[in-house]
Amino acid sequence: MIKEFFEASTALNNKYVTQWKKNGKKVVGYTCSYVPDEVFHAAGILPFRIRGFGATDTTIGDTYFGPFICSLPKCMLQLAGEGKFNFLDGAIITPGCDSMRRLDECWRKAGSDVEGVIPSFFFHYGVPHKYADYTIKWLTDETWRLIAAVEKHFKVKITDVDLKKSIKLYNYSRKLLDRFEALRTLDAPPFSGEEALAVILAGTTMPREEYNVLLEQFIAKAEKSPGIKGRVRLMLVGSANDDVGLVRVMEGEKAIVVADNLCFGSRFYSDQVDEEGDPVFELSRRYLGHNDCPRMYGDYRRRLKILAQKVEKAKIDGVIMQNIRFCDLHGSENGLFERDLEAKGIPCMRLEREYGPLVETGRMKMRVDAFIERIKQRRAIA
Amino acid sequence: MFAAGCDVGSLTSKAVIMKDGKIIESVIIKSKTRPWESADEVMGIALSRAGLTMKDIKSCVGTGYGRDKISFIDEAISEIACHGKGARWLVPSVKTVIDIGGQDCKALRLDDKGNMMKFITNDKCASGTGRFLEVMAKVLNLNLDEMGEMSARSKKPITFASACTVWAQADVIQHLNDKVPIEDIAAGVNNAMASRMATLANNIGLEKDVCMTGGVAKNDGVVNALEKHLGIRIKRIRREDPQIAGAIGAALFAMEKAKGGVL
Amino acid sequence: MRNETREYKFDWMLWNTFAAASRLKNGTQKEYQAMLKYIPYFKRIMETLLGTGEPGQKFIEICSKYLENLVFAKEKGKKTAITTFCFSPAIFYAMDIIPICLEVLTVMMTFMYKRGTAEFLDYCNEVGSTETSCSSQRGAIGAYLAGIGADIDMFVTDTPGVCDTNANAFSFASAYLNKPFFQLDMPPDLTGERSNEYHREDFKALICFLEGQTGKRLDPERLKENLRELAKQDEIIAELEDLARIVPSPVPVLYNLMVSASKFLFAGMPEGTSLLESMLRIARENAAKNISGLSGGVEKLRAFFCYIDHYAQNMQFWQMLDGNGICYQGNILSHFWSNNAPHVAYYHKEEVAYTIDMTDIDSLIDSLAMINSRMPMIKSIRGPYDAPNMWLEDTLGLAKLYSADLIVYNGTPGCRNTWGMVKLLARDTEKAGYPTYIMYADAFDVRVQSWEATEERFMEFLKVRRLV
């Protein structure tokens, strides 16, 4: 079954998407975890997380983006320019960060240069950078604007009843994934970090109903598993990662990633949407309020607290803090996390990397190995 | 009891053989294309000089970028740990180790017992590595040792306008065209190198005693410049060639393993 | 950081330097010449500034005053707020808070120090910031993080939604020093009722925050006083901008910097007005005689910089332009969006500009929110570059108004925002008929690309495109 997850997470136009489209239904891509999936689900549209995984170079990305830009949106644009996202009927861009925000105009320009590489529905969804009553109001209005645009373009009607149904379904996913997360905190976690990532990634590529079924089966099996013992327990923090290979390099034979605060990680499922109250408002409240992303400026202390709690809960031996080169938001916040977690006696290691084809694994492995050796030495004394 | 350490790097490969905790043989060679070929050759030379064969070695640890590919080792350990171990053996009072190798540089802090506390490595840039010095030495038509000597004579080191190895090359050529004394350029190169390294080292904080390992530790020009930038004295390694610190550390780990310790 | 650097508070050093510089011309010409011998590293910059006459003198004086305010803030019992250039300090002055503008301090040091702010830039990296973060904040914030500057009470920025690396620098520094932080968040749209309401609510929240930090209520009368002065400043700037449309432009090359400085340092304060008035006098005189503001007297080219200047030591950037007969028609920092600005009247819509309405406290707050949301960069780099009222429209409108012969982009490698689409902008401006040059330099750090290489490439572009 883990194979199902791996396949869904590594193949772009996977079998779920192909079947969906064969049935004459629509798929809308989105670039950021702040976009409420439920809106599309309620419209009978498959929400699909746009990623850059699979890009083998960035010649197209580099044509539109300038040089000092993180490779994540470049890889996304690369795939788009190669026609690999042609199965999308729509795309939502958000100001997740400046580099990702500019994917909007870069993709549009690529779309005017090369026919067919930009979907007919293209929407800029403005997400605030802080959590306050008037910013929730802004996002609520923005979500209404999105709903109106989806209804108009796709000739559908999204009712409150539809939204509430979708919210309930996604909340159920989140409950399942909470159980999934709890399993990772066990002394002998039933699955590796690499497998955990595959499970989460798969959820961003397939219809939620089918995903929930697979998830239930996976969790039931995992609960009976003897688990993986004797490894150094790591938490992975920082920039977005959608490559199971990266986690594999970090885990190697000696470690296991049992917690994270990543975009393709706990940010995907933490916190429920309130099922009472106006659905659009509650969606905005949850999506804006829960995300552990450094784009929410000035909120460092809260994020540090959450990390410290996770360290305790999952009995973490060490934290690997990675950032994609040019990702100043994660890169700098990792610097603060390192300072404050080390002060609490928690070993940390910062690592800067490229997003894209998994190269320089030797360099990475060397550092991770040294980090694991450091942790083991520390344990031997304790 | 014989134990051995083998450090396969991008520019050079090193082997150290220890008997009962004392170094009996050490070899440095230029690395070959394949790490296993380098390992075989350097260890082969060391064994031959010591009059031993691999069978005589009770335990062998490999380190460096090519460590996983070495056939005759019992365990592979990161060069960060090995440099720390080796540095502590060479300078028992050391707490901070700065290593500038061929293609990367690192700084690490050791606790009282010689265990790693914190480390940092440079990321993705040739500036601040042995490669930078090599490139500059080539442009100046000097070998690396000469560059160190020359720079000591400088009265007015130039300040490099660029941090980048590629751009700095262009700057050096410009200075040569402008007939700037070579010693001033050489001193400027060392300063640029030291400045880059200092930022890295300051990131993990410095605690005395500080020492340098790796090939560049033999370059007085860089070491002096680094001392100035850090504002702290760097204890010179006199006991052995600092370039074999990693291999020494590997051999020490091998010794512990042979005695039944868990690595 | 070298030990010598740590011995003095860096802003105190800067203040002393500017204070001394402001007295250089108090003596005779002979005394002035004699003094220059004692400042071999500052000589050229002094000559460049004082060569502009009274405006240069006033510029040095207001820099000195600004630094004096921040150095002695604590002694005078005032709160200090670290802020950014695109945050109008009007509200701070109205609430008796001393603004400390990071980028301005970085610019001062980059002009004046042989190694610029290299040590402070590197220090930021040592304490955990990424080295790819923008050098404009890092140059000054490094000193504050190292504890060798004035005491800081709070961090206030308005760049979320506009510039991540800026907002992030503030977020990082405030978390590092454990100080209160406030952000004005910018939505992707500039105009429209939703955006207006958002700006308004946000600004009210800012005022609550500032009142909480100072323990004092916002005094509407103080605010009115400040805004009246600001309105005066906008009138002067509007006239200067109008004069710059004349061919040859009677406005000297350095004036753009001084216009920016007067607004960034002393918006709504008489110090800023005094500098602007001085510039206007000379520009009017030149216009009356129909002479060029360039020191050589011959205007060969008119350049519009769509982003920022280059702050290489000794203001070599301005000297290059002036020396080559290139009239500098300003950049994104030196053009403001008051409703009486000529570019608003001619090429842009009324709603993109701000108006000052002093009817009641609500309209005052609205005006402030509008002023802030129309500050350079805050206005135009928030939404997609080709959206209405955004960067492309602004650039083309300004280039047209000032009859630019070419458009130049210069920024820093830290600018994720513009590097994300500057190639697209250049495509469009070239299509519109403006030769467009993208510089790969760092305006605040010559270690990225030396000034000599930067200048050489710029001149090469002019030759290749047959502009000279």
# chains A, B, ... in the order shown; residues from 1 in each chain; ligands from 1

$ interface_residues --of "chain B" --to "chain A" --cutoff "9 Å" --atoms "only C-alpha atoms" --output "PyMOL selection string"
chain B and resi 64-66+77-81+115-121+123-124+263

$ write_last_selection --atoms "all heavy atoms" --output "compact mmCIF listing (two decimals), in the first residue's frame"
# COMPACT_ATOMS: atom_id res chain seq x y z
N GLY B 64 36.31 11.33 4.85
CA GLY B 64 36.41 12.14 3.63
C GLY B 64 35.25 11.82 2.70
O GLY B 64 34.44 10.93 2.94
N TYR B 65 35.18 12.56 1.60
CA TYR B 65 34.04 12.41 0.70
C TYR B 65 33.95 11.03 0.10
O TYR B 65 32.88 10.56 -0.23
CB TYR B 65 34.11 13.46 -0.41
CG TYR B 65 33.47 14.75 0.02
CD1 TYR B 65 34.25 15.84 0.42
CD2 TYR B 65 32.09 14.89 0.06
CE1 TYR B 65 33.65 17.01 0.85
CE2 TYR B 65 31.50 16.07 0.48
CZ TYR B 65 32.28 17.12 0.88
OH TYR B 65 31.71 18.29 1.29
N GLY B 66 35.08 10.36 -0.06
CA GLY B 66 35.03 9.06 -0.71
C GLY B 66 34.93 7.90 0.26
O GLY B 66 35.08 6.74 -0.14
N ILE B 77 33.48 7.24 9.04
CA ILE B 77 33.06 8.29 9.98
C ILE B 77 33.25 9.64 9.30
O ILE B 77 34.19 9.80 8.52
CB ILE B 77 33.90 8.20 11.27
CG1 ILE B 77 33.59 6.89 11.98
CG2 ILE B 77 33.59 9.36 12.22
CD1 ILE B 77 34.34 6.70 13.28
N SER B 78 32.37 10.57 9.59
CA SER B 78 32.43 11.87 8.92
C SER B 78 33.77 12.56 9.21
O SER B 78 34.36 12.40 10.28
CB SER B 78 31.31 12.78 9.43
OG SER B 78 31.61 13.26 10.71
N GLU B 79 34.24 13.35 8.22
CA GLU B 79 35.53 14.02 8.43
C GLU B 79 35.44 15.10 9.48
O GLU B 79 36.45 15.52 10.04
CB GLU B 79 36.05 14.62 7.12
CG GLU B 79 35.21 15.71 6.57
CD GLU B 79 34.97 15.49 5.09
OE1 GLU B 79 34.48 14.40 4.75
OE2 GLU B 79 35.28 16.39 4.32
N ILE B 80 34.20 15.56 9.76
CA ILE B 80 34.07 16.56 10.81
C ILE B 80 34.48 15.95 12.13
O ILE B 80 35.29 16.52 12.89
CB ILE B 80 32.63 17.09 10.84
CG1 ILE B 80 32.34 17.85 9.54
CG2 ILE B 80 32.42 18.00 12.04
CD1 ILE B 80 30.92 18.29 9.38
N ALA B 81 33.92 14.78 12.41
CA ALA B 81 34.27 14.10 13.67
C ALA B 81 35.75 13.75 13.68
O ALA B 81 36.43 13.91 14.71
CB ALA B 81 33.43 12.85 13.84
N ASN B 115 34.41 15.80 22.45
CA ASN B 115 33.25 15.48 21.64
C ASN B 115 32.77 16.71 20.90
O ASN B 115 32.90 17.83 21.37
CB ASN B 115 32.12 14.95 22.52
CG ASN B 115 32.47 13.61 23.13
OD1 ASN B 115 33.03 12.76 22.46
ND2 ASN B 115 32.16 13.45 24.40
N MET B 116 32.16 16.46 19.75
CA MET B 116 31.65 17.56 18.93
C MET B 116 30.49 18.25 19.61
O MET B 116 29.55 17.59 20.04
CB MET B 116 31.09 16.99 17.62
CG MET B 116 32.06 16.95 16.50
SD MET B 116 31.15 16.61 14.99
CE MET B 116 30.66 14.92 15.23
N MET B 117 30.53 19.57 19.68
CA MET B 117 29.40 20.30 20.22
C MET B 117 28.60 20.93 19.10
O MET B 117 27.40 20.82 19.01
CB MET B 117 29.90 21.41 21.14
CG MET B 117 30.14 20.95 22.56
SD MET B 117 30.98 22.22 23.50
CE MET B 117 29.90 23.61 23.29
N LYS B 118 29.28 21.66 18.27
CA LYS B 118 28.62 22.34 17.16
C LYS B 118 29.56 22.34 15.98
O LYS B 118 30.78 22.35 16.17
CB LYS B 118 28.37 23.81 17.51
CG LYS B 118 27.24 24.05 18.45
CD LYS B 118 26.87 25.50 18.42
CE LYS B 118 26.03 25.77 17.18
NZ LYS B 118 25.42 27.07 17.19
N PHE B 119 29.00 22.34 14.80
CA PHE B 119 29.86 22.49 13.63
C PHE B 119 29.12 23.27 12.55
O PHE B 119 27.90 23.35 12.56
CB PHE B 119 30.35 21.14 13.11
CG PHE B 119 29.24 20.28 12.54
CD1 PHE B 119 28.84 20.42 11.21
CD2 PHE B 119 28.62 19.33 13.33
CE1 PHE B 119 27.83 19.62 10.70
CE2 PHE B 119 27.61 18.53 12.81
CZ PHE B 119 27.21 18.68 11.49
N ILE B 120 29.89 23.82 11.67
CA ILE B 120 29.29 24.52 10.52
C ILE B 120 30.21 24.32 9.33
O ILE B 120 31.43 24.27 9.47
CB ILE B 120 29.09 26.02 10.83
CG1 ILE B 120 28.32 26.69 9.69
CG2 ILE B 120 30.42 26.74 11.04
CD1 ILE B 120 27.78 28.05 10.05
N THR B 121 29.60 24.16 8.16
CA THR B 121 30.40 24.00 6.95
C THR B 121 29.98 25.06 5.94
O THR B 121 28.86 25.56 6.02
CB THR B 121 30.20 22.61 6.33
OG1 THR B 121 28.80 22.43 6.13
CG2 THR B 121 30.71 21.52 7.23
N ASP B 123 28.83 26.67 2.40
CA ASP B 123 27.83 26.19 1.47
C ASP B 123 28.10 26.62 0.05
O ASP B 123 28.08 27.79 -0.25
CB ASP B 123 26.43 26.68 1.91
CG ASP B 123 25.82 25.72 2.89
OD1 ASP B 123 25.61 24.57 2.51
OD2 ASP B 123 25.60 26.12 4.04
N LYS B 124 28.37 25.67 -0.80
CA LYS B 124 28.23 25.85 -2.23
C LYS B 124 29.10 26.93 -2.83
O LYS B 124 28.84 27.42 -3.89
CB LYS B 124 26.77 26.19 -2.58
CG LYS B 124 25.76 25.35 -1.85
CD LYS B 124 24.36 25.82 -2.08
CE LYS B 124 23.93 25.71 -3.52
NZ LYS B 124 24.15 24.40 -4.07
N LEU B 263 31.60 2.99 18.38
CA LEU B 263 31.90 4.29 17.76
C LEU B 263 30.64 5.15 17.59
O LEU B 263 29.64 4.64 17.14
CB LEU B 263 32.55 4.08 16.40
CG LEU B 263 33.99 3.57 16.51
CD1 LEU B 263 34.52 3.18 15.15
CD2 LEU B 263 34.90 4.64 17.11

$ interface_residues --of "chain C" --to "chain B" --cutoff "8 Å" --atoms "only C-alpha atoms" --output "PyMOL selection string"
chain C and resi 1-3+122-123+125-128+446-450

$ write_last_selection --atoms "N, CA and C atoms" --output "tab-separated table (two decimals), in the first residue's frame"
chain	number	residue	atom	x	y	z
C	1	MET	N	33.76	40.75	13.62
C	1	MET	CA	33.86	42.20	13.67
C	1	MET	C	35.15	42.58	14.38
C	2	ARG	N	35.86	43.54	13.79
C	2	ARG	CA	37.12	43.93	14.43
C	2	ARG	C	36.84	44.61	15.76
C	3	ASN	N	37.81	44.47	16.66
C	3	ASN	CA	37.64	45.08	17.98
C	3	ASN	C	37.43	46.59	17.89
C	122	ASP	N	28.31	41.02	7.35
C	122	ASP	CA	28.79	39.69	7.74
C	122	ASP	C	28.31	39.30	9.13
C	123	TYR	N	28.22	40.29	10.01
C	123	TYR	CA	27.77	39.98	11.37
C	123	TYR	C	26.36	39.40	11.36
C	125	ASN	N	25.10	37.53	9.18
C	125	ASN	CA	25.22	36.12	8.82
C	125	ASN	C	25.73	35.31	9.99
C	126	GLU	N	26.65	35.90	10.75
C	126	GLU	CA	27.21	35.17	11.89
C	126	GLU	C	26.15	34.84	12.93
C	127	VAL	N	25.17	35.71	13.07
C	127	VAL	CA	24.15	35.44	14.09
C	127	VAL	C	22.91	34.75	13.53
C	128	GLY	N	22.98	34.30	12.30
C	128	GLY	CA	21.91	33.43	11.82
C	128	GLY	C	21.14	33.89	10.61
C	446	VAL	N	29.75	46.51	-2.65
C	446	VAL	CA	30.58	46.40	-3.86
C	446	VAL	C	31.37	45.10	-3.91
C	447	ARG	N	31.25	44.28	-2.87
C	447	ARG	CA	31.94	42.99	-2.92
C	447	ARG	C	31.25	42.06	-3.91
C	448	VAL	N	30.01	42.35	-4.21
C	448	VAL	CA	29.28	41.53	-5.16
C	448	VAL	C	29.75	41.82	-6.59
C	449	GLN	N	29.84	43.08	-6.90
C	449	GLN	CA	30.42	43.49	-8.18
C	449	GLN	C	31.07	44.84	-7.92
C	450	SER	N	32.35	44.92	-8.20
C	450	SER	CA	33.07	46.16	-7.89
C	450	SER	C	32.47	47.33	-8.65

$ interface_residues --of "chain C" --to "chain A" --cutoff "9 Å" --atoms "only C-alpha atoms" --output "PyMOL selection string"
chain C and resi 125+127-133+160-165+167-172+174-176+180-183+185-189+194-195+197-198+201-202+383-386+413-424

$ select_by_dssp --residues "region 189-276 of chain C" --states "alpha helix (DSSP H)" --output "number ranges by chain"
C: 193-214, 220-243, 255-266, 270-276

$ select_by_dssp --residues "region 205-374 of chain A" --states "strand (DSSP E)" --output "list in words"
Val232, Arg233, Leu234, Met235, Leu236, Val237, Gly238, Ala255, Ile256, Val257, Val258, Ala259, Asp260, Gly318, Val319, Ile320, Met321, Gln322, Asn323, Ile324, Cys348, Met349, Arg350, Leu351, Glu352 and Arg353 of chain A

$ write_last_selection --atoms "C-alpha atoms" --output "short mmCIF file (atom, residue, chain, number, x, y, z; two decimals), in the first residue's frame"
data_model
loop_
_atom_site.label_atom_id
_atom_site.label_comp_id
_atom_site.auth_asym_id
_atom_site.auth_seq_id
_atom_site.Cartn_x
_atom_site.Cartn_y
_atom_site.Cartn_z
CA VAL A 232 18.39 8.52 16.01
CA ARG A 233 15.14 10.52 16.07
CA LEU A 234 15.17 13.66 13.95
CA MET A 235 12.78 16.51 13.34
CA LEU A 236 12.88 18.20 9.94
CA VAL A 237 12.17 21.91 9.78
CA GLY A 238 12.35 24.64 7.13
CA ALA A 255 18.21 7.96 11.62
CA ILE A 256 14.46 8.40 11.31
CA VAL A 257 12.50 11.60 10.83
CA VAL A 258 9.60 11.47 13.28
CA ALA A 259 8.37 15.05 13.30
CA ASP A 260 8.37 18.20 11.20
CA GLY A 318 18.17 16.39 16.95
CA VAL A 319 16.63 18.95 14.60
CA ILE A 320 17.72 19.38 10.99
CA MET A 321 16.89 22.87 9.74
CA GLN A 322 17.14 23.11 6.00
CA ASN A 323 16.44 25.96 3.65
CA ILE A 324 16.48 26.30 -0.08
CA CYS A 348 20.45 21.43 15.77
CA MET A 349 22.04 21.49 12.34
CA ARG A 350 21.40 23.99 9.60
CA LEU A 351 21.67 22.96 5.99
CA GLU A 352 21.27 25.01 2.85
CA ARG A 353 20.34 23.20 -0.33
#

$ residues_around --residues "Phe123 (chain A)" --least-positions-apart "2" --cutoff "8 Å" --atoms "only C-alpha atoms" --output "CSV table (one decimal) with all heavy atoms, in the first residue's frame"
chain,number,residue,atom,x,y,z
A,90,GLY,N,-7.1,25.0,-14.1
A,90,GLY,CA,-6.9,26.3,-13.5
A,90,GLY,C,-5.7,26.2,-12.6
A,90,GLY,O,-5.2,25.2,-12.3
A,91,ALA,N,-5.3,27.5,-12.2
A,91,ALA,CA,-4.2,27.6,-11.3
A,91,ALA,C,-4.4,28.7,-10.3
A,91,ALA,O,-4.9,29.8,-10.8
A,91,ALA,CB,-2.8,27.7,-12.0
A,92,ILE,N,-4.1,28.6,-9.1
A,92,ILE,CA,-4.2,29.6,-8.1
A,92,ILE,C,-2.8,30.0,-7.6
A,92,ILE,O,-2.1,29.1,-7.1
A,92,ILE,CB,-5.0,29.1,-6.8
A,92,ILE,CG1,-6.2,28.4,-7.2
A,92,ILE,CG2,-5.3,30.3,-5.9
A,92,ILE,CD1,-7.3,29.2,-7.9
A,93,ILE,N,-2.4,31.2,-7.7
A,93,ILE,CA,-1.1,31.7,-7.2
A,93,ILE,C,-1.4,32.6,-5.9
A,93,ILE,O,-2.4,33.3,-5.9
A,93,ILE,CB,-0.5,32.6,-8.2
A,93,ILE,CG1,-0.5,32.0,-9.6
A,93,ILE,CG2,1.0,33.0,-7.8
A,93,ILE,CD1,0.4,30.8,-9.7
A,121,PHE,N,-8.2,29.2,-16.4
A,121,PHE,CA,-8.5,29.9,-15.1
A,121,PHE,C,-7.3,30.1,-14.3
A,121,PHE,O,-6.6,29.2,-13.9
A,121,PHE,CB,-9.5,29.0,-14.3
A,121,PHE,CG,-10.0,29.6,-13.0
A,121,PHE,CD1,-10.9,30.6,-13.0
A,121,PHE,CD2,-9.5,29.1,-11.8
A,121,PHE,CE1,-11.3,31.2,-11.8
A,121,PHE,CE2,-9.9,29.6,-10.6
A,121,PHE,CZ,-10.9,30.7,-10.6
A,125,TYR,N,-4.7,34.8,-5.4
A,125,TYR,CA,-5.4,34.8,-4.2
A,125,TYR,C,-4.6,35.5,-3.1
A,125,TYR,O,-3.6,35.0,-2.6
A,125,TYR,CB,-5.6,33.3,-3.8
A,125,TYR,CG,-6.4,33.0,-2.6
A,125,TYR,CD1,-7.8,33.3,-2.5
A,125,TYR,CD2,-5.9,32.3,-1.6
A,125,TYR,CE1,-8.6,33.0,-1.4
A,125,TYR,CE2,-6.6,31.9,-0.4
A,125,TYR,CZ,-8.0,32.3,-0.4
A,125,TYR,OH,-8.7,31.9,0.7
A,146,LEU,N,-12.9,34.4,-4.8
A,146,LEU,CA,-12.5,33.1,-5.4
A,146,LEU,C,-13.7,32.3,-5.8
A,146,LEU,O,-13.8,31.8,-6.9
A,146,LEU,CB,-11.5,32.4,-4.5
A,146,LEU,CG,-11.1,31.0,-5.0
A,146,LEU,CD1,-10.2,31.1,-6.2
A,146,LEU,CD2,-10.3,30.3,-3.9

$ atom_distance --atom1 "CA of Asn410 (chain C)" --atom2 "CA of Tyr307 (chain C)"
5.9 Å

$ closest_residue --among "A:Leu177, A:Met76, A:Val35, A:Val150" --to "Ile200 (chain A)" --atoms "only C-alpha atoms"
A:Leu177

$ residues_around --residues "region 150-155 of chain B" --least-positions-apart "6" --cutoff "12 Å" --atoms "only C-alpha atoms" --output "MDAnalysis selection string"
chainID B and resid 137 140 142:144 180:191 219:225

$ decode --residues "region 372-379 of chain A" --atoms "all heavy atoms" --output "CSV table (one decimal), in the first residue's frame"
chain,number,residue,atom,x,y,z
A,372,ILE,N,24.6,13.1,13.2
A,372,ILE,CA,24.2,11.9,13.9
A,372,ILE,C,25.3,11.4,14.9
A,372,ILE,O,25.1,11.0,16.0
A,372,ILE,CB,23.8,10.8,13.0
A,372,ILE,CG1,22.5,11.2,12.2
A,372,ILE,CG2,23.6,9.5,13.6
A,372,ILE,CD1,22.2,10.4,11.1
A,373,GLU,N,26.6,11.5,14.4
A,373,GLU,CA,27.7,11.1,15.3
A,373,GLU,C,27.7,12.0,16.5
A,373,GLU,O,28.0,11.6,17.6
A,373,GLU,CB,29.0,11.3,14.5
A,373,GLU,CG,29.2,10.2,13.5
A,373,GLU,CD,30.2,10.6,12.4
A,373,GLU,OE1,30.9,11.6,12.5
A,373,GLU,OE2,30.3,9.9,11.4
A,374,ARG,N,27.5,13.3,16.3
A,374,ARG,CA,27.5,14.2,17.5
A,374,ARG,C,26.4,13.8,18.5
A,374,ARG,O,26.6,13.8,19.7
A,374,ARG,CB,27.2,15.6,16.9
A,374,ARG,CG,27.1,16.7,18.0
A,374,ARG,CD,26.6,18.0,17.5
A,374,ARG,NE,26.0,18.8,18.7
A,374,ARG,CZ,25.3,19.8,18.5
A,374,ARG,NH1,25.0,20.3,17.3
A,374,ARG,NH2,24.8,20.4,19.6
A,375,ILE,N,25.2,13.5,17.9
A,375,ILE,CA,24.1,13.1,18.8
A,375,ILE,C,24.5,11.8,19.6
A,375,ILE,O,24.2,11.7,20.8
A,375,ILE,CB,22.8,12.9,18.0
A,375,ILE,CG1,22.3,14.2,17.5
A,375,ILE,CG2,21.7,12.3,18.9
A,375,ILE,CD1,21.2,14.1,16.4
A,376,LYS,N,25.1,10.9,18.9
A,376,LYS,CA,25.4,9.6,19.5
A,376,LYS,C,26.5,9.8,20.6
A,376,LYS,O,26.4,9.2,21.7
A,376,LYS,CB,25.9,8.6,18.5
A,376,LYS,CG,24.8,8.0,17.7
A,376,LYS,CD,25.3,6.9,16.8
A,376,LYS,CE,24.2,6.1,16.2
A,376,LYS,NZ,24.7,5.2,15.1
A,377,GLN,N,27.4,10.7,20.3
A,377,GLN,CA,28.5,11.0,21.3
A,377,GLN,C,27.8,11.5,22.6
A,377,GLN,O,28.1,11.2,23.7
A,377,GLN,CB,29.4,12.0,20.8
A,377,GLN,CG,30.5,11.4,19.9
A,377,GLN,CD,31.5,12.5,19.4
A,377,GLN,OE1,31.2,13.7,19.5
A,377,GLN,NE2,32.5,12.1,18.8
A,378,ARG,N,26.9,12.4,22.3
A,378,ARG,CA,26.2,13.1,23.4
A,378,ARG,C,25.4,12.1,24.3
A,378,ARG,O,25.4,12.1,25.5
A,378,ARG,CB,25.2,14.1,22.8
A,378,ARG,CG,24.7,15.2,23.7
A,378,ARG,CD,24.0,16.2,22.9
A,378,ARG,NE,23.3,17.1,23.8
A,378,ARG,CZ,21.9,16.9,24.0
A,378,ARG,NH1,21.3,16.0,23.4
A,378,ARG,NH2,21.3,17.8,24.9
A,379,ARG,N,24.8,11.1,23.5
A,379,ARG,CA,24.0,10.1,24.2
A,379,ARG,C,24.9,9.2,25.1
A,379,ARG,O,24.6,8.8,26.2
A,379,ARG,CB,23.4,9.2,23.2
A,379,ARG,CG,21.9,9.4,22.9
A,379,ARG,CD,21.4,8.2,22.2
A,379,ARG,NE,20.2,8.5,21.4
A,379,ARG,CZ,19.8,7.7,20.4
A,379,ARG,NH1,20.6,6.7,20.0
A,379,ARG,NH2,18.7,7.9,19.8
